[in-house]
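Raw my_file39.pdb, PDB, C-alpha atoms:
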ATOM      1  CA  MET A   1     -16.273 -14.539  -6.413
ATOM      2  CA  MET A   2     -12.854 -14.030  -4.824
ATOM      3  CA  GLU A   3     -12.703 -15.936  -1.527
ATOM      4  CA  THR A   4     -10.281 -15.506   1.373
ATOM      5  CA  GLN A   5      -8.183 -18.503   0.349
ATOM      6  CA  ASP A   6      -7.884 -17.078  -3.178
ATOM      7  CA  LEU A   7      -6.620 -13.775  -1.776
ATOM      8  CA  GLU A   8      -4.128 -15.614   0.441
ATOM      9  CA  LYS A   9      -2.773 -17.437  -2.620
ATOM     10  CA  ILE A  10      -2.325 -14.160  -4.451
ATOM     11  CA  SER A  11      -0.566 -12.519  -1.505
ATOM     12  CA  SER A  12       1.824 -15.474  -1.220
ATOM     13  CA  GLN A  13       2.780 -15.080  -4.870
ATOM     14  CA  VAL A  14       3.093 -11.315  -4.419
ATOM     15  CA  ARG A  15       5.589 -11.908  -1.619
ATOM     16  CA  ARG A  16       7.608 -14.233  -3.858
ATOM     17  CA  ASP A  17       7.615 -11.549  -6.550
ATOM     18  CA  ILE A  18       8.847  -8.934  -4.074
ATOM     19  CA  VAL A  19      11.780 -11.081  -2.921
ATOM     20  CA  ARG A  20      12.775 -11.983  -6.485
ATOM     21  CA  MET A  21      12.482  -8.409  -7.774
ATOM     22  CA  VAL A  22      14.700  -6.792  -5.169
ATOM     23  CA  THR A  23      17.247  -9.629  -5.179
ATOM     24  CA  ALA A  24      17.646  -9.557  -8.964
ATOM     25  CA  VAL A  25      18.837  -5.937  -8.969
ATOM     26  CA  GLN A  26      20.221  -5.861  -5.408
ATOM     27  CA  SER A  27      18.137  -2.778  -4.784
ATOM     28  CA  GLY A  28      14.744  -1.908  -3.348
ATOM     29  CA  HIS A  29      12.624  -2.036  -0.218
ATOM     30  CA  PRO A  30      11.450  -5.541   0.710
ATOM     31  CA  GLY A  31      10.480  -5.022   4.368
ATOM     32  CA  GLY A  32       7.474  -2.739   4.044
ATOM     33  CA  SER A  33       6.486  -4.357   0.754
ATOM     34  CA  LEU A  34       6.174  -7.778   2.378
ATOM     35  CA  GLY A  35       4.261  -6.251   5.278
ATOM     36  CA  CYS A  36       1.625  -4.697   3.001
ATOM     37  CA  ALA A  37       1.105  -7.642   0.621
ATOM     38  CA  ASP A  38      -2.091  -8.856   2.288
ATOM     39  CA  PHE A  39      -3.631  -5.389   2.422
ATOM     40  CA  LEU A  40      -2.934  -4.433  -1.181
ATOM     41  CA  THR A  41      -4.077  -7.824  -2.414
ATOM     42  CA  ALA A  42      -7.392  -7.462  -0.597
ATOM     43  CA  LEU A  43      -7.742  -3.858  -1.731
ATOM     44  CA  TYR A  44      -7.207  -4.516  -5.432
ATOM     45  CA  PHE A  45      -8.890  -7.903  -5.728
ATOM     46  CA  LYS A  46     -11.902  -7.430  -3.463
ATOM     47  CA  VAL A  47     -12.429  -3.947  -2.052
ATOM     48  CA  MET A  48     -11.965  -1.376  -4.797
ATOM     49  CA  LYS A  49     -14.085  -0.781  -7.884
ATOM     50  CA  LEU A  50     -11.536  -0.903 -10.719
ATOM     51  CA  ASN A  51     -11.225  -1.160 -14.498
ATOM     52  CA  PRO A  52      -7.707  -2.459 -15.316
ATOM     53  CA  ASP A  53      -8.570  -3.111 -18.969
ATOM     54  CA  GLU A  54      -9.360   0.542 -19.656
ATOM     55  CA  PHE A  55      -6.984   2.464 -17.414
ATOM     56  CA  THR A  56      -7.266   6.247 -17.558
ATOM     57  CA  MET A  57      -5.355   8.859 -15.619
ATOM     58  CA  ASN A  58      -8.496  10.634 -14.402
ATOM     59  CA  GLY A  59     -10.135   7.390 -13.210
ATOM     60  CA  GLU A  60     -13.704   8.586 -13.681
ATOM     61  CA  GLY A  61     -16.277   6.141 -12.347
ATOM     62  CA  GLU A  62     -13.775   4.009 -10.445
ATOM     63  CA  ASP A  63     -12.016   4.044  -7.095
ATOM     64  CA  LEU A  64      -8.525   5.527  -6.910
ATOM     65  CA  PHE A  65      -5.513   4.417  -4.873
ATOM     66  CA  PHE A  66      -2.457   6.521  -4.079
ATOM     67  CA  LEU A  67       0.649   4.898  -2.594
ATOM     68  CA  SER A  68       2.142   7.702  -0.528
ATOM     69  CA  ASN A  69       5.046   5.635   0.844
ATOM     70  CA  GLY A  70       6.253   5.014  -2.685
ATOM     71  CA  HIS A  71       9.413   3.159  -1.698
ATOM     72  CA  ILE A  72       7.334  -0.010  -1.264
ATOM     73  CA  SER A  73       6.790  -0.033  -5.024
ATOM     74  CA  PRO A  74       7.572  -3.789  -5.382
ATOM     75  CA  VAL A  75       4.306  -4.773  -3.700
ATOM     76  CA  LEU A  76       2.309  -2.302  -5.778
ATOM     77  CA  TYR A  77       3.878  -3.455  -9.051
ATOM     78  CA  SER A  78       3.256  -7.116  -8.268
ATOM     79  CA  VAL A  79      -0.381  -6.529  -7.339
ATOM     80  CA  LEU A  80      -0.960  -4.382 -10.436
ATOM     81  CA  ALA A  81       0.545  -7.064 -12.667
ATOM     82  CA  HIS A  82      -1.545  -9.867 -11.171
ATOM     83  CA  LYS A  83      -4.636  -7.665 -11.468
ATOM     84  CA  GLY A  84      -3.960  -7.289 -15.179
ATOM     85  CA  TYR A  85      -2.695  -3.733 -15.532
ATOM     86  CA  PHE A  86       0.392  -5.013 -17.367
ATOM     87  CA  ASP A  87       2.029  -8.361 -18.110
ATOM     88  CA  LYS A  88       3.690 -10.145 -15.196
ATOM     89  CA  SER A  89       6.846 -10.643 -17.261
ATOM     90  CA  GLU A  90       7.524  -6.913 -16.912
ATOM     91  CA  LEU A  91       8.258  -7.445 -13.207
ATOM     92  CA  ALA A  92      11.652  -8.747 -14.348
ATOM     93  CA  THR A  93      12.561  -5.185 -15.415
ATOM     94  CA  PHE A  94      12.158  -3.707 -11.916
ATOM     95  CA  ARG A  95      14.659  -0.881 -11.258
ATOM     96  CA  LYS A  96      16.521  -1.519 -14.509
ATOM     97  CA  LEU A  97      17.528   1.281 -16.869
ATOM     98  CA  GLY A  98      14.631   2.298 -19.085
ATOM     99  CA  SER A  99      12.086   0.276 -17.116
ATOM    100  CA  ARG A 100       8.575   1.540 -16.461
ATOM    101  CA  LEU A 101       8.920  -0.081 -13.013
ATOM    102  CA  GLN A 102      11.161   2.512 -11.422
ATOM    103  CA  GLY A 103      12.317   2.354  -7.811
ATOM    104  CA  HIS A 104       9.583   4.782  -6.870
ATOM    105  CA  PRO A 105       6.358   4.852  -8.904
ATOM    106  CA  SER A 106       6.504   7.395 -11.709
ATOM    107  CA  ILE A 107       4.156   8.640 -14.408
ATOM    108  CA  SER A 108       6.989   9.527 -16.800
ATOM    109  CA  LYS A 109       6.695   6.257 -18.729
ATOM    110  CA  SER A 110       2.902   5.845 -18.526
ATOM    111  CA  LEU A 111       2.682   2.702 -16.421
ATOM    112  CA  PRO A 112      -0.965   1.579 -16.149
ATOM    113  CA  GLY A 113      -2.166   1.689 -12.548
ATOM    114  CA  VAL A 114       0.082   4.572 -11.488
ATOM    115  CA  ARG A 115      -1.427   8.070 -11.426
ATOM    116  CA  ILE A 116       1.153  10.014  -9.403
ATOM    117  CA  ALA A 117       4.868   9.926  -8.814
ATOM    118  CA  SER A 118       5.364   9.102  -5.138
ATOM    119  CA  GLY A 119       8.104   8.514  -2.654
ATOM    120  CA  SER A 120       8.662  12.048  -1.429
ATOM    121  CA  LEU A 121       7.025  11.215   1.870
ATOM    122  CA  GLY A 122       4.096  13.206   3.214
ATOM    123  CA  GLN A 123       2.559  14.233  -0.104
ATOM    124  CA  GLY A 124       0.136  11.422  -0.926
ATOM    125  CA  LEU A 125      -2.649  12.592   1.367
ATOM    126  CA  SER A 126      -2.671  16.053  -0.184
ATOM    127  CA  VAL A 127      -2.884  14.550  -3.669
ATOM    128  CA  ALA A 128      -5.749  12.325  -2.551
ATOM    129  CA  LEU A 129      -7.661  15.343  -1.222
ATOM    130  CA  GLY A 130      -7.473  16.947  -4.655
ATOM    131  CA  ALA A 131      -8.706  13.757  -6.314
ATOM    132  CA  ALA A 132     -11.517  13.394  -3.771
ATOM    133  CA  ALA A 133     -12.607  16.976  -4.368
ATOM    134  CA  ALA A 134     -12.595  16.404  -8.136
ATOM    135  CA  LYS A 135     -14.819  13.351  -7.757
ATOM    136  CA  LYS A 136     -17.337  15.349  -5.752
ATOM    137  CA  LEU A 137     -17.327  18.156  -8.330
ATOM    138  CA  ASN A 138     -17.900  15.593 -11.085
ATOM    139  CA  GLY A 139     -20.717  13.841  -9.246
ATOM    140  CA  ASP A 140     -18.597  10.686  -9.071
ATOM    141  CA  ASN A 141     -19.480   8.585  -6.007
ATOM    142  CA  SER A 142     -16.291   6.506  -6.138
ATOM    143  CA  ILE A 143     -13.862   6.400  -3.202
ATOM    144  CA  VAL A 144     -10.255   7.556  -2.956
ATOM    145  CA  TYR A 145      -7.853   5.326  -0.973
ATOM    146  CA  THR A 146      -4.348   6.035   0.302
ATOM    147  CA  LEU A 147      -1.597   4.124   2.098
ATOM    148  CA  HIS A 148       1.040   5.728   4.330
ATOM    149  CA  GLY A 149       3.985   4.581   6.383
ATOM    150  CA  ASP A 150       3.910   5.254  10.109
ATOM    151  CA  GLY A 151       7.269   6.997   9.917
ATOM    152  CA  GLU A 152       5.784   9.134   7.170
ATOM    153  CA  LEU A 153       3.473  10.675   9.763
ATOM    154  CA  GLN A 154       6.493  12.565  11.047
ATOM    155  CA  GLU A 155       6.119  14.802   7.979
ATOM    156  CA  GLY A 156       4.292  18.045   8.745
ATOM    157  CA  GLN A 157       2.396  18.066   5.444
ATOM    158  CA  ILE A 158       0.432  15.022   6.625
ATOM    159  CA  TRP A 159      -1.111  16.991   9.464
ATOM    160  CA  GLU A 160      -1.875  20.006   7.300
ATOM    161  CA  ALA A 161      -3.784  17.665   4.991
ATOM    162  CA  ALA A 162      -5.447  15.968   7.964
ATOM    163  CA  MET A 163      -6.800  19.301   9.199
ATOM    164  CA  TYR A 164      -7.957  20.299   5.739
ATOM    165  CA  ALA A 165      -9.762  16.994   5.171
ATOM    166  CA  ALA A 166     -11.741  17.224   8.386
ATOM    167  CA  ALA A 167     -12.486  20.934   8.076
ATOM    168  CA  ASN A 168     -13.800  20.470   4.536
ATOM    169  CA  LYS A 169     -15.707  17.251   5.288
ATOM    170  CA  VAL A 170     -13.826  15.175   2.711
ATOM    171  CA  ASP A 171     -15.897  12.068   3.296
ATOM    172  CA  ASN A 172     -15.081  10.089   0.137
ATOM    173  CA  LEU A 173     -11.585   9.303   1.413
ATOM    174  CA  ILE A 174     -10.302   6.193   3.213
ATOM    175  CA  SER A 175      -6.664   6.345   4.311
ATOM    176  CA  THR A 176      -4.581   3.622   5.928
ATOM    177  CA  VAL A 177      -1.368   3.785   7.951
ATOM    178  CA  ASP A 178       1.003   0.821   7.850
ATOM    179  CA  TYR A 179       1.732   0.711  11.578
ATOM    180  CA  ASN A 180       4.763  -1.596  11.766
ATOM    181  CA  HIS A 181       6.647   0.653  14.228
ATOM    182  CA  LYS A 182       9.729   0.650  11.961
ATOM    183  CA  GLN A 183      11.386   3.217   9.720
ATOM    184  CA  ILE A 184      14.730   3.289   7.950
ATOM    185  CA  ASP A 185      16.675   4.470  11.026
ATOM    186  CA  GLY A 186      15.053   2.131  13.553
ATOM    187  CA  ASP A 187      11.957   1.943  15.726
ATOM    188  CA  ILE A 188       9.704   4.982  15.376
ATOM    189  CA  ASP A 189       9.686   5.409  19.155
ATOM    190  CA  ASP A 190      13.464   5.821  19.057
ATOM    191  CA  VAL A 191      13.477   8.200  16.073
ATOM    192  CA  LEU A 192      10.427  10.365  16.845
ATOM    193  CA  PRO A 193       7.631   8.915  18.997
ATOM    194  CA  MET A 194       4.183   9.252  17.434
ATOM    195  CA  GLY A 195       2.118   8.827  20.586
ATOM    196  CA  ASP A 196      -1.384   7.372  20.399
ATOM    197  CA  LEU A 197      -2.201   7.363  16.683
ATOM    198  CA  VAL A 198      -5.865   6.507  17.189
ATOM    199  CA  LYS A 199      -6.470   9.411  19.551
ATOM    200  CA  LYS A 200      -4.320  11.697  17.425
ATOM    201  CA  TRP A 201      -6.362  11.140  14.255
ATOM    202  CA  GLN A 202      -9.609  11.320  16.199
ATOM    203  CA  ALA A 203      -8.505  14.668  17.618
ATOM    204  CA  PHE A 204      -7.933  15.859  14.052
ATOM    205  CA  GLY A 205     -11.578  15.085  13.263
ATOM    206  CA  TRP A 206     -11.331  11.732  11.479
ATOM    207  CA  ASP A 207     -13.299   8.524  11.945
ATOM    208  CA  VAL A 208     -10.670   5.993  13.029
ATOM    209  CA  LEU A 209     -10.661   2.204  12.729
ATOM    210  CA  GLU A 210      -8.029  -0.401  13.567
ATOM    211  CA  MET A 211      -7.183  -3.728  11.949
ATOM    212  CA  ASP A 212      -4.661  -6.553  11.691
ATOM    213  CA  GLY A 213      -2.956  -6.126   8.336
ATOM    214  CA  HIS A 214      -2.190  -9.842   8.026
ATOM    215  CA  ASN A 215      -5.697 -11.205   8.593
ATOM    216  CA  ILE A 216      -7.516 -11.169   5.252
ATOM    217  CA  ASN A 217     -10.953 -11.629   6.789
ATOM    218  CA  GLU A 218     -10.377  -8.787   9.226
ATOM    219  CA  ILE A 219      -9.067  -6.571   6.429
ATOM    220  CA  LEU A 220     -12.182  -7.197   4.344
ATOM    221  CA  LYS A 221     -14.566  -6.591   7.259
ATOM    222  CA  THR A 222     -12.773  -3.409   8.293
ATOM    223  CA  MET A 223     -12.689  -2.038   4.760
ATOM    224  CA  GLU A 224     -16.415  -2.676   4.381
ATOM    225  CA  LEU A 225     -17.018  -0.846   7.665
ATOM    226  CA  ALA A 226     -14.834   1.999   6.429
ATOM    227  CA  LYS A 227     -16.843   2.242   3.217
ATOM    228  CA  SER A 228     -20.056   2.368   5.239
ATOM    229  CA  LYS A 229     -18.699   5.429   7.049
ATOM    230  CA  THR A 230     -18.075   7.416   3.867
ATOM    231  CA  GLY A 231     -20.568  10.121   2.979
ATOM    232  CA  ASN A 232     -21.067  11.054   6.620
ATOM    233  CA  GLY A 233     -19.042  14.259   6.712
ATOM    234  CA  LYS A 234     -15.755  12.796   7.970
ATOM    235  CA  PRO A 235     -12.653  11.295   6.332
ATOM    236  CA  VAL A 236     -11.786   7.767   7.487
ATOM    237  CA  MET A 237      -8.406   6.611   8.823
ATOM    238  CA  ILE A 238      -7.437   2.966   9.410
ATOM    239  CA  ILE A 239      -4.521   2.174  11.710
ATOM    240  CA  MET A 240      -3.265  -1.128  10.295
ATOM    241  CA  THR A 241      -0.905  -3.172  12.451
ATOM    242  CA  THR A 242       1.635  -5.123  10.400
ATOM    243  CA  ILE A 243       5.006  -6.796  10.796
ATOM    244  CA  MET A 244       7.790  -5.507   8.573
ATOM    245  CA  GLY A 245       9.089  -8.342   6.402
ATOM    246  CA  ASN A 246       6.088 -10.539   7.163
ATOM    247  CA  GLY A 247       6.313 -14.015   5.627
ATOM    248  CA  VAL A 248      10.110 -14.303   5.700
ATOM    249  CA  ASP A 249      11.333 -15.236   9.169
ATOM    250  CA  PHE A 250      14.738 -13.544   9.082
ATOM    251  CA  MET A 251      13.223 -10.279   7.812
ATOM    252  CA  MET A 252      10.343 -10.030  10.257
ATOM    253  CA  GLY A 253      10.168  -7.326  12.901
ATOM    254  CA  THR A 254      13.405  -5.508  12.119
ATOM    255  CA  HIS A 255      14.140  -2.277  10.259
ATOM    256  CA  LYS A 256      17.261  -3.881   8.738
ATOM    257  CA  TRP A 257      15.285  -4.889   5.650
ATOM    258  CA  HIS A 258      13.562  -1.543   5.135
ATOM    259  CA  GLY A 259      15.763  -0.814   2.128
ATOM    260  CA  SER A 260      18.202  -3.724   1.902
ATOM    261  CA  PRO A 261      17.894  -6.603  -0.594
ATOM    262  CA  PRO A 262      18.679 -10.212   0.352
ATOM    263  CA  SER A 263      21.639 -12.089  -1.103
ATOM    264  CA  LYS A 264      21.064 -14.956  -3.537
ATOM    265  CA  GLU A 265      21.481 -17.406  -0.672
ATOM    266  CA  GLN A 266      19.007 -15.482   1.465
ATOM    267  CA  GLU A 267      16.622 -15.316  -1.485
ATOM    268  CA  GLY A 268      16.560 -19.109  -1.597
ATOM    269  CA  ILE A 269      15.749 -19.281   2.106
ATOM    270  CA  ALA A 270      13.013 -16.677   1.735
ATOM    271  CA  LEU A 271      11.413 -18.360  -1.269
ATOM    272  CA  SER A 272      11.382 -21.695   0.565
ATOM    273  CA  GLN A 273       9.005 -20.048   3.055
ATOM    274  CA  LEU A 274       6.675 -18.572   0.430
ATOM    275  CA  THR A 275       4.471 -20.904  -1.585
ATOM    276  CA  GLU A 276       4.458 -20.438  -5.340
ATOM    277  CA  THR A 277       0.743 -20.290  -6.118
ATOM    278  CA  LEU A 278       0.325 -18.477  -9.430
ATOM    279  CA  GLY A 279       3.640 -19.172 -11.129
ATOM    280  CA  ASP A 280       6.782 -17.055 -10.981
ATOM    281  CA  TYR A 281       7.261 -14.442 -13.693
TER     282      TYR A 281
END

Structure re-expressed in structure tokens:
Amino acid sequence: MMETQDLEKISSQVRRDIVRMVTAVQSGHPGGSLGCADFLTALYFKVMKLNPDEFTMNGEGEDLFFLSNGHISPVLYSVLAHKGYFDKSELATFRKLGSRLQGHPSISKSLPGVRIASGSLGQGLSVALGAAAAKKLNGDNSIVYTLHGDGELQEGQIWEAAMYAAANKVDNLISTVDYNHKQIDGDIDDVLPMGDLVKKWQAFGWDVLEMDGHNINEILKTMELAKSKTGNGKPVMIIMTTIMGNGVDFMMGTHKWHGSPPSKEQEGIALSQLTETLGDY
């Protein structure tokens, strides 16, 4: 059984992968990827019911995950590779011409683990509602999960989907917001203040939970609580507090690294802070 320390080892390696991937091509989004490494590791290795060996696009009989803030593709690709969806060596092709690991996840090259193209912010929740409805129609009791950026909540389509989900009692859906207070242009309160996210989602008719996105034990407990709330007539939202760039001291807590890769020298500094636990690709 996967224990907390095992998940922490995986997330450390995932962070190393992220730094190496974006540095190699001098392109990509390390900040949010590093901030969500613990969450996605816990989700894929402990929380969700998955079948990596027999991936299908419709995902019948298994949980589904949709990455709405698709620019943090490095963390998704690393987690998928370590979970066994494809060989870890393919991480070396990230953002290269002809690669299946495009800058934003895409279905054009049939990458196992990816069911929608994402990165046009605001759309992932709507897609998830369709998938959740399909599961109910098919008598499939699996759960649909999504992840969103906090800046993404400035997109109007999010709130249309939020109203629809509550009004139609979409209760096989668990969504999470990466609440790091940063977006590409700065702090969200400077760009467009979001107000009280907990009260906002509650007002839209959702069950709302909060958690520390860097505490594996808390993530696991909160996700189990979220699962216990499914089937009760309400969608579930988790406000997850994270630090952008978590794990690399010079990247932490600043929007500078939202979409900027480190130099080779900075890569060395970053990797010295991240333990190699599962072997570099």

Exercise for the section: For region 43-52 of chain A, list every protein, DNA or RNA residue within 10 Å, evaluated using all atoms listed in the file, and leave out those in the same chain fewer than 3 positions away; present the list as a count of residues only. Expected result: 40

Problem - Residues in the PyMOL selection byres ((chain A and resi 236) around 8), expressed as a PyMOL selection string - result: chain A and resi 171+173-175+206-209+226+229-230+234-235+237-238

Expected file contents, prior selection, C-alpha atoms, as a PDB file, in the coordinates of the input:
ATOM      1  CA  ASP A 171     -15.897  12.068   3.296  1.00  0.00           C
ATOM      2  CA  LEU A 173     -11.585   9.303   1.413  1.00  0.00           C
ATOM      3  CA  ILE A 174     -10.302   6.193   3.213  1.00  0.00           C
ATOM      4  CA  SER A 175      -6.664   6.345   4.311  1.00  0.00           C
ATOM      5  CA  TRP A 206     -11.331  11.732  11.479  1.00  0.00           C
ATOM      6  CA  ASP A 207     -13.299   8.524  11.945  1.00  0.00           C
ATOM      7  CA  VAL A 208     -10.670   5.993  13.029  1.00  0.00           C
ATOM      8  CA  LEU A 209     -10.661   2.204  12.729  1.00  0.00           C
ATOM      9  CA  ALA A 226     -14.834   1.999   6.429  1.00  0.00           C
ATOM     10  CA  LYS A 229     -18.699   5.429   7.049  1.00  0.00           C
ATOM     11  CA  THR A 230     -18.075   7.416   3.867  1.00  0.00           C
ATOM     12  CA  LYS A 234     -15.755  12.796   7.970  1.00  0.00           C
ATOM     13  CA  PRO A 235     -12.653  11.295   6.332  1.00  0.00           C
ATOM     14  CA  MET A 237      -8.406   6.611   8.823  1.00  0.00           C
ATOM     15  CA  ILE A 238      -7.437   2.966   9.410  1.00  0.00           C
TER      16      ILE A 238
END

Practice task
Please provide as an MDAnalysis selection string all residues within 12 Å of Trp159 (chain A), with the sequence filter that same-chain residues fewer than 4 positions apart are discarded (counting only C-alpha atoms).
Solution key: chainID A and resid 122:126 152:155 163:166 200:201 203:206

Exercise for the section: Using the chain letters and numbers from the file, give me the residues hit by the PyMOL selection byres ((chain A and resi 118) around 8), as a list in words. Expected result: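 Checking the PyMOL selection byres ((chain A and resi 118) around 8) against this file, the residues are Leu67, Ser68, Asn69, Gly70, His71, His104, Pro105, Ser106, Ile116, Ala117, Gly119, Ser120, Leu121, Gln123 and Gly124 of chain A.
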
Practice task
Quick one: pull the distance between CA of Glu54 (chain A) and CA of Gly149 (chain A), Å, one decimal.
Solution key: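 Answer for the CA of Glu54 (chain A) to CA of Gly149 (chain A) separation: 29.5 Å.
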
Handout entry: Output check: residues returned by the PyMOL selection byres ((chain A and resi 242) around 9), as a PyMOL selection string
Key = chain A and resi 32+35-36+178-181+212-214+240-241+243-244+246

Completion exercise
Restricting to only C-alpha atoms, whichever of A:Ala42, A:Leu101, A:Leu91, A:Val25 is closest to Glu8 (chain A) is A:Ala42

Practice task
Could you check how far CA of Lys182 (chain A) sits from CA of Thr254 (chain A), in Å to one decimal?
Solution key: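 According to the coordinates, CA of Lys182 (chain A) and CA of Thr254 (chain A) are separated by 7.2 Å.
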
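Reported to one decimal place, the separation of CA of Ala132 (chain A) from CA of Ile216 (chain A) is 26.5 Å.
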
Practice task
Have a look at A:His255, A:Thr277, A:Gln26, A:Gly98 and name the one nearest to Gln5 (chain A); count all atoms listed in the file.
Solution key: A:Thr277

Exercise for the section: Skip region 20-23 of chain A itself and residues of its chain fewer than 4 positions away, then list as a PyMOL selection string all residues within 12 Å of it, counting only C-alpha atoms. Expected result: chain A and resi 13-16+27-31+33-34+71-75+77-78+88-96+101-103+257-271+274+276+280-281

Exercise for the section: Return the single residue from A:Ser12, A:Thr222, A:Gln273, A:Thr146 that is closest to Val177 (chain A), with distances computed using all atoms listed in the file. Expected result: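 Distance minimum relative to Val177 (chain A) lands on A:Thr146.
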
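Among A:Met252, A:Asp196, A:Val19, A:Leu129, the residue with the shortest atom-to-atom distance to Glu160 (chain A), counting only C-alpha atoms, is A:Leu129.
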